[in-house]
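Structure file input.txt; described as compact mmCIF, N, CA and C atoms.
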# COMPACT_ATOMS: atom_id res chain seq x y z
N MET C 236 286.24 86.68 -51.04
CA MET C 236 286.19 85.89 -49.83
C MET C 236 284.81 85.24 -49.68
N GLU C 237 283.78 85.97 -49.97
CA GLU C 237 282.44 85.43 -49.83
C GLU C 237 282.20 84.30 -50.82
N GLN C 238 282.79 84.37 -51.98
CA GLN C 238 282.65 83.33 -52.98
C GLN C 238 283.23 82.00 -52.46
N GLU C 239 284.36 82.08 -51.74
CA GLU C 239 284.98 80.88 -51.18
C GLU C 239 284.09 80.25 -50.11
N VAL C 240 283.43 81.06 -49.30
CA VAL C 240 282.54 80.55 -48.26
C VAL C 240 281.35 79.84 -48.89
N ILE C 241 280.79 80.40 -49.92
CA ILE C 241 279.64 79.78 -50.59
C ILE C 241 280.04 78.44 -51.19
N GLU C 242 281.21 78.35 -51.81
CA GLU C 242 281.67 77.10 -52.39
C GLU C 242 281.94 76.06 -51.31
N ALA C 243 282.47 76.47 -50.17
CA ALA C 243 282.77 75.55 -49.07
C ALA C 243 281.48 74.96 -48.50
N GLU C 244 280.41 75.75 -48.42
CA GLU C 244 279.14 75.25 -47.91
C GLU C 244 278.53 74.22 -48.84
N MET C 245 278.77 74.36 -50.10
CA MET C 245 278.25 73.40 -51.06
C MET C 245 278.94 72.04 -50.93
N ILE C 246 280.19 72.03 -50.58
CA ILE C 246 280.95 70.79 -50.49
C ILE C 246 280.57 70.01 -49.23
N LEU C 247 280.33 70.70 -48.12
CA LEU C 247 280.01 70.03 -46.87
C LEU C 247 278.63 69.39 -46.93
N PRO C 248 278.48 68.20 -46.41
CA PRO C 248 277.15 67.59 -46.38
C PRO C 248 276.26 68.30 -45.37
N THR C 249 274.96 68.17 -45.54
CA THR C 249 274.03 68.84 -44.64
C THR C 249 273.99 68.15 -43.28
N HIS C 250 274.27 66.85 -43.25
CA HIS C 250 274.23 66.11 -41.99
C HIS C 250 275.61 65.50 -41.76
N LEU C 251 276.25 65.84 -40.66
CA LEU C 251 277.56 65.29 -40.33
C LEU C 251 277.39 64.03 -39.48
N ARG C 252 278.20 63.02 -39.72
CA ARG C 252 278.05 61.73 -39.05
C ARG C 252 278.26 61.81 -37.55
N PHE C 253 279.10 62.68 -37.09
CA PHE C 253 279.41 62.74 -35.67
C PHE C 253 278.33 63.46 -34.86
N LYS C 254 277.38 64.08 -35.54
CA LYS C 254 276.29 64.76 -34.82
C LYS C 254 275.21 63.75 -34.46
N LYS C 255 274.60 63.92 -33.29
CA LYS C 255 273.51 63.05 -32.90
C LYS C 255 272.26 63.42 -33.68
N ILE C 256 271.57 62.41 -34.15
CA ILE C 256 270.33 62.64 -34.87
C ILE C 256 269.23 62.84 -33.84
N GLN C 257 268.45 63.86 -34.00
CA GLN C 257 267.35 64.12 -33.09
C GLN C 257 266.23 63.12 -33.36
N MET C 258 265.48 62.78 -32.31
CA MET C 258 264.43 61.78 -32.44
C MET C 258 263.36 62.21 -33.44
N HIS C 259 263.03 63.51 -33.48
CA HIS C 259 261.98 63.94 -34.40
C HIS C 259 262.45 63.88 -35.85
N GLU C 260 263.76 63.91 -36.08
CA GLU C 260 264.27 63.75 -37.44
C GLU C 260 264.30 62.28 -37.85
N LYS C 261 264.67 61.43 -36.89
CA LYS C 261 264.80 60.01 -37.19
C LYS C 261 263.42 59.36 -37.35
N TYR C 262 262.50 59.70 -36.47
CA TYR C 262 261.15 59.14 -36.50
C TYR C 262 260.14 60.27 -36.64
N PRO C 263 259.69 60.54 -37.85
CA PRO C 263 258.68 61.58 -38.01
C PRO C 263 257.40 61.21 -37.27
N LYS C 264 256.55 62.19 -37.07
CA LYS C 264 255.33 61.99 -36.30
C LYS C 264 254.48 60.89 -36.92
N GLY C 265 254.03 59.98 -36.07
CA GLY C 265 253.18 58.90 -36.51
C GLY C 265 253.94 57.65 -36.93
N GLN C 266 255.25 57.68 -36.95
CA GLN C 266 256.01 56.51 -37.36
C GLN C 266 256.45 55.73 -36.12
N ALA C 267 256.59 54.43 -36.24
CA ALA C 267 256.98 53.59 -35.12
C ALA C 267 258.39 53.92 -34.67
N ARG C 268 258.64 53.83 -33.37
CA ARG C 268 259.94 54.22 -32.82
C ARG C 268 260.89 53.06 -32.65
N GLY C 269 260.46 51.87 -32.75
CA GLY C 269 261.38 50.77 -32.52
C GLY C 269 260.93 49.52 -33.24
N ARG C 270 261.57 48.46 -32.90
CA ARG C 270 261.26 47.19 -33.53
C ARG C 270 260.03 46.61 -32.86
N HIS C 271 259.08 46.20 -33.65
CA HIS C 271 257.87 45.57 -33.13
C HIS C 271 257.98 44.08 -33.37
N TRP C 272 257.86 43.30 -32.30
CA TRP C 272 257.98 41.86 -32.41
C TRP C 272 256.61 41.27 -32.67
N LYS C 273 256.59 40.25 -33.50
CA LYS C 273 255.34 39.57 -33.80
C LYS C 273 255.22 38.33 -32.93
N HIS C 274 254.00 38.02 -32.54
CA HIS C 274 253.75 36.80 -31.80
C HIS C 274 253.73 35.64 -32.79
N LEU C 275 253.88 34.43 -32.27
CA LEU C 275 253.91 33.24 -33.12
C LEU C 275 252.62 33.11 -33.92
N LYS C 276 251.50 33.44 -33.29
CA LYS C 276 250.21 33.35 -33.99
C LYS C 276 250.17 34.30 -35.19
N GLN C 277 250.73 35.49 -35.04
CA GLN C 277 250.76 36.46 -36.14
C GLN C 277 251.68 35.97 -37.27
N ILE C 278 252.80 35.35 -36.91
CA ILE C 278 253.72 34.83 -37.92
C ILE C 278 253.06 33.71 -38.72
N ILE C 279 252.37 32.82 -38.01
CA ILE C 279 251.72 31.69 -38.68
C ILE C 279 250.64 32.19 -39.63
N GLN C 280 249.86 33.17 -39.21
CA GLN C 280 248.80 33.70 -40.08
C GLN C 280 249.38 34.41 -41.29
N ALA C 281 250.48 35.12 -41.12
CA ALA C 281 251.05 35.89 -42.21
C ALA C 281 251.75 35.01 -43.25
N GLU C 282 252.29 33.89 -42.82
CA GLU C 282 253.10 33.07 -43.72
C GLU C 282 252.30 32.05 -44.52
N ASN C 283 251.04 31.79 -44.18
CA ASN C 283 250.22 30.79 -44.87
C ASN C 283 250.93 29.44 -44.94
N TYR C 284 251.17 28.86 -43.77
CA TYR C 284 251.90 27.61 -43.71
C TYR C 284 251.13 26.43 -44.29
N GLN C 285 249.84 26.59 -44.56
CA GLN C 285 249.07 25.50 -45.16
C GLN C 285 249.58 25.19 -46.57
N ASN C 286 250.18 26.18 -47.24
CA ASN C 286 250.63 26.01 -48.62
C ASN C 286 252.01 25.35 -48.71
N TYR C 287 252.73 25.21 -47.61
CA TYR C 287 254.06 24.62 -47.63
C TYR C 287 253.96 23.09 -47.66
N PRO C 288 254.94 22.41 -48.24
CA PRO C 288 254.94 20.94 -48.19
C PRO C 288 255.10 20.45 -46.75
N PRO C 289 254.50 19.33 -46.40
CA PRO C 289 254.54 18.87 -45.00
C PRO C 289 255.93 18.45 -44.51
N ASP C 290 256.84 18.08 -45.44
CA ASP C 290 258.15 17.64 -45.00
C ASP C 290 259.14 18.80 -44.82
N GLU C 291 258.76 20.01 -45.19
CA GLU C 291 259.64 21.17 -45.03
C GLU C 291 259.48 21.74 -43.62
N PRO C 292 260.58 21.91 -42.86
CA PRO C 292 260.44 22.41 -41.49
C PRO C 292 260.01 23.88 -41.47
N ASN C 293 259.11 24.20 -40.55
CA ASN C 293 258.65 25.57 -40.34
C ASN C 293 258.20 25.70 -38.89
N TYR C 294 257.59 26.83 -38.54
CA TYR C 294 257.19 27.07 -37.15
C TYR C 294 256.10 26.11 -36.68
N VAL C 295 255.31 25.60 -37.58
CA VAL C 295 254.18 24.77 -37.20
C VAL C 295 254.61 23.33 -36.89
N ASN C 296 255.48 22.75 -37.72
CA ASN C 296 255.79 21.34 -37.55
C ASN C 296 257.20 21.08 -37.00
N ILE C 297 257.82 22.08 -36.41
CA ILE C 297 259.18 21.88 -35.90
C ILE C 297 259.13 20.99 -34.65
N GLU C 298 260.06 20.08 -34.59
CA GLU C 298 260.17 19.19 -33.44
C GLU C 298 261.60 19.22 -32.92
N THR C 299 261.74 19.10 -31.63
CA THR C 299 263.08 19.10 -31.05
C THR C 299 263.27 17.82 -30.25
N PRO C 300 264.49 17.35 -30.14
CA PRO C 300 264.74 16.16 -29.32
C PRO C 300 264.64 16.52 -27.84
N PRO C 301 264.51 15.54 -26.98
CA PRO C 301 264.48 15.84 -25.55
C PRO C 301 265.79 16.48 -25.09
N SER C 302 265.70 17.28 -24.07
CA SER C 302 266.87 18.00 -23.57
C SER C 302 267.89 17.03 -22.97
N MET C 303 269.15 17.36 -23.15
CA MET C 303 270.22 16.55 -22.58
C MET C 303 270.53 16.96 -21.14
N HIS C 304 270.01 18.10 -20.72
CA HIS C 304 270.25 18.59 -19.37
C HIS C 304 269.18 18.03 -18.43
N PRO C 305 269.53 17.80 -17.17
CA PRO C 305 268.51 17.31 -16.22
C PRO C 305 267.48 18.40 -15.92
N ARG C 306 266.28 17.95 -15.56
CA ARG C 306 265.22 18.90 -15.23
C ARG C 306 265.58 19.67 -13.97
N LYS C 307 265.15 20.92 -13.92
CA LYS C 307 265.34 21.71 -12.71
C LYS C 307 264.22 21.40 -11.73
N HIS C 308 264.57 21.22 -10.47
CA HIS C 308 263.56 21.01 -9.44
C HIS C 308 263.12 22.36 -8.92
N ILE C 309 261.82 22.54 -8.84
CA ILE C 309 261.22 23.82 -8.43
C ILE C 309 260.58 23.64 -7.06
N CYS C 310 260.73 24.63 -6.21
CA CYS C 310 260.12 24.61 -4.88
C CYS C 310 258.60 24.60 -5.02
N ASP C 311 257.95 23.69 -4.30
CA ASP C 311 256.49 23.58 -4.39
C ASP C 311 255.78 24.76 -3.76
N ILE C 312 256.40 25.47 -2.88
CA ILE C 312 255.76 26.58 -2.19
C ILE C 312 256.07 27.92 -2.86
N THR C 313 257.35 28.21 -3.10
CA THR C 313 257.74 29.54 -3.58
C THR C 313 257.92 29.62 -5.09
N GLY C 314 258.26 28.52 -5.75
CA GLY C 314 258.51 28.57 -7.19
C GLY C 314 259.97 28.82 -7.54
N PHE C 315 260.83 28.96 -6.54
CA PHE C 315 262.26 29.12 -6.80
C PHE C 315 262.89 27.75 -7.07
N GLU C 316 264.14 27.77 -7.53
CA GLU C 316 264.85 26.51 -7.74
C GLU C 316 265.06 25.83 -6.39
N ALA C 317 264.76 24.53 -6.33
CA ALA C 317 264.79 23.82 -5.06
C ALA C 317 265.87 22.75 -5.04
N PRO C 318 266.94 22.99 -4.32
CA PRO C 318 267.98 21.95 -4.23
C PRO C 318 267.67 20.87 -3.20
N TYR C 319 266.61 21.06 -2.39
CA TYR C 319 266.32 20.13 -1.29
C TYR C 319 264.94 19.50 -1.46
N SER C 320 264.78 18.33 -0.85
CA SER C 320 263.50 17.64 -0.84
C SER C 320 263.26 17.08 0.56
N ASP C 321 262.06 17.25 1.07
CA ASP C 321 261.72 16.76 2.40
C ASP C 321 261.45 15.26 2.31
N PRO C 322 262.18 14.44 3.06
CA PRO C 322 261.98 12.98 2.95
C PRO C 322 260.63 12.51 3.50
N ARG C 323 260.05 13.24 4.42
CA ARG C 323 258.79 12.81 5.01
C ARG C 323 257.60 13.14 4.11
N THR C 324 257.56 14.36 3.56
CA THR C 324 256.41 14.77 2.75
C THR C 324 256.67 14.69 1.25
N HIS C 325 257.91 14.54 0.85
CA HIS C 325 258.33 14.51 -0.56
C HIS C 325 258.10 15.83 -1.28
N LEU C 326 257.92 16.91 -0.54
CA LEU C 326 257.82 18.24 -1.14
C LEU C 326 259.21 18.81 -1.33
N ARG C 327 259.38 19.57 -2.39
CA ARG C 327 260.67 20.23 -2.64
C ARG C 327 260.64 21.61 -2.02
N TYR C 328 261.79 22.04 -1.50
CA TYR C 328 261.84 23.36 -0.87
C TYR C 328 263.16 24.04 -1.18
N ALA C 329 263.15 25.40 -1.08
CA ALA C 329 264.30 26.20 -1.48
C ALA C 329 265.19 26.61 -0.30
N ASN C 330 264.61 26.80 0.89
CA ASN C 330 265.44 27.24 2.02
C ASN C 330 264.81 26.77 3.33
N THR C 331 265.43 27.13 4.45
CA THR C 331 265.00 26.62 5.76
C THR C 331 263.65 27.16 6.19
N GLU C 332 263.33 28.40 5.79
CA GLU C 332 262.03 28.95 6.18
C GLU C 332 260.90 28.17 5.53
N VAL C 333 261.10 27.80 4.27
CA VAL C 333 260.08 27.01 3.57
C VAL C 333 260.00 25.61 4.17
N PHE C 334 261.15 25.06 4.59
CA PHE C 334 261.15 23.74 5.23
C PHE C 334 260.32 23.76 6.51
N LYS C 335 260.48 24.81 7.31
CA LYS C 335 259.68 24.93 8.53
C LYS C 335 258.20 25.02 8.20
N LEU C 336 257.86 25.73 7.15
CA LEU C 336 256.47 25.85 6.73
C LEU C 336 255.93 24.50 6.26
N ILE C 337 256.73 23.76 5.51
CA ILE C 337 256.31 22.46 5.01
C ILE C 337 256.03 21.50 6.17
N ARG C 338 256.89 21.51 7.17
CA ARG C 338 256.71 20.62 8.32
C ARG C 338 255.47 21.00 9.14
N SER C 339 255.04 22.26 9.05
CA SER C 339 253.86 22.67 9.81
C SER C 339 252.56 22.50 9.04
N LEU C 340 252.64 22.12 7.76
CA LEU C 340 251.43 21.96 6.95
C LEU C 340 250.66 20.71 7.35
N PRO C 341 249.32 20.77 7.33
CA PRO C 341 248.54 19.55 7.55
C PRO C 341 248.68 18.61 6.36
N ASN C 342 248.37 17.35 6.58
CA ASN C 342 248.53 16.33 5.56
C ASN C 342 247.69 16.62 4.31
N GLU C 343 246.52 17.21 4.47
CA GLU C 343 245.64 17.53 3.32
C GLU C 343 246.33 18.51 2.37
N TYR C 344 246.97 19.52 2.93
CA TYR C 344 247.65 20.52 2.10
C TYR C 344 248.85 19.93 1.37
N VAL C 345 249.57 19.04 2.07
CA VAL C 345 250.71 18.38 1.44
C VAL C 345 250.24 17.57 0.24
N GLN C 346 249.11 16.84 0.42
CA GLN C 346 248.57 16.05 -0.69
C GLN C 346 248.16 16.94 -1.86
N ARG C 347 247.62 18.11 -1.57
CA ARG C 347 247.23 19.04 -2.65
C ARG C 347 248.45 19.56 -3.41
N TYR C 348 249.52 19.89 -2.68
CA TYR C 348 250.75 20.36 -3.35
C TYR C 348 251.34 19.26 -4.22
N LEU C 349 251.32 18.02 -3.73
CA LEU C 349 251.83 16.91 -4.52
C LEU C 349 250.96 16.64 -5.74
N ALA C 350 249.65 16.82 -5.59
CA ALA C 350 248.74 16.63 -6.73
C ALA C 350 248.98 17.70 -7.80
N LEU C 351 249.32 18.91 -7.40
CA LEU C 351 249.63 19.97 -8.37
C LEU C 351 250.85 19.61 -9.21
N ARG C 352 251.77 18.91 -8.61
CA ARG C 352 253.00 18.51 -9.30
C ARG C 352 252.84 17.16 -9.98
N ASN C 353 251.66 16.56 -9.92
CA ASN C 353 251.39 15.22 -10.45
C ASN C 353 252.30 14.18 -9.82
N ALA C 354 252.51 14.31 -8.54
CA ALA C 354 253.33 13.36 -7.80
C ALA C 354 252.59 12.92 -6.54
N ALA C 355 251.28 12.71 -6.69
CA ALA C 355 250.46 12.39 -5.53
C ALA C 355 250.91 11.07 -4.91
N VAL C 356 251.27 11.13 -3.63
CA VAL C 356 251.73 9.99 -2.89
C VAL C 356 250.89 9.92 -1.63
N VAL C 357 250.45 8.72 -1.28
CA VAL C 357 249.70 8.55 -0.04
C VAL C 357 250.69 8.52 1.10
N LEU C 358 250.60 9.53 1.96
CA LEU C 358 251.52 9.60 3.11
C LEU C 358 250.94 8.87 4.29
N LYS C 359 251.81 8.21 5.05
CA LYS C 359 251.35 7.46 6.23
C LYS C 359 251.56 8.27 7.47
Could you take the file, read its structure, and then write that structure out as structure tokens?
Amino acid sequence: MEQEVIEAEMILPTHLRFKKIQMHEKYPKGQARGRHWKHLKQIIQAENYQNYPPDEPNYVNIETPPSMHPRKHICDITGFEAPYSDPRTHLRYANTEVFKLIRSLPNEYVQRYLALRNAAVVLK
């Protein structure tokens, strides 16, 4: 009987697929635990793109056509998507609270917000 048990242990693999692998077995001490992403600068330095022909596309010389989708309008105060625009000050706003704030702003501040957006307009 003992001989059969010994032979059976030899046939079975040491690691069964349905068992969870412990973290210390999968990643020994000192080894990275996950995928490490490289920044674009690291990729460019590692690949030596200076040696590639100039007509071959790569990370350095890739160009894309302009987007076919319309630009999203952003609220000048909060930074959220702004579906509304104030006709008097030409500032974009996201909700009624921001609209009330925009109407209470002095003209100097409105001009500064428009200048940040490169849409400086002289208000009368």
Between atom C of Thr324 (chain C) and atom C of Ser339 (chain C) lies a distance of 11.8 Å
Worksheet item: region 293-306 of chain C: which residues within 8 Å, counting only N, CA and C atoms, same-chain residues fewer than 4 positions away excluded, as a list in words?
Response: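 What passes the distance filter is Ile278, Ile279, Tyr284 and Pro289 of chain C.
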- [ ] Between CA of Glu343 (chain C) and atom N of Lys307 (chain C), measure the distance and give it in Å to one decimal.
- [x]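 Calculated distance between CA of Glu343 (chain C) and atom N of Lys307 (chain C) is 26.3 Å.
For the pair atom N of Val333 (chain C) and atom N of Glu316 (chain C), the interatomic distance is 12.2 Å.
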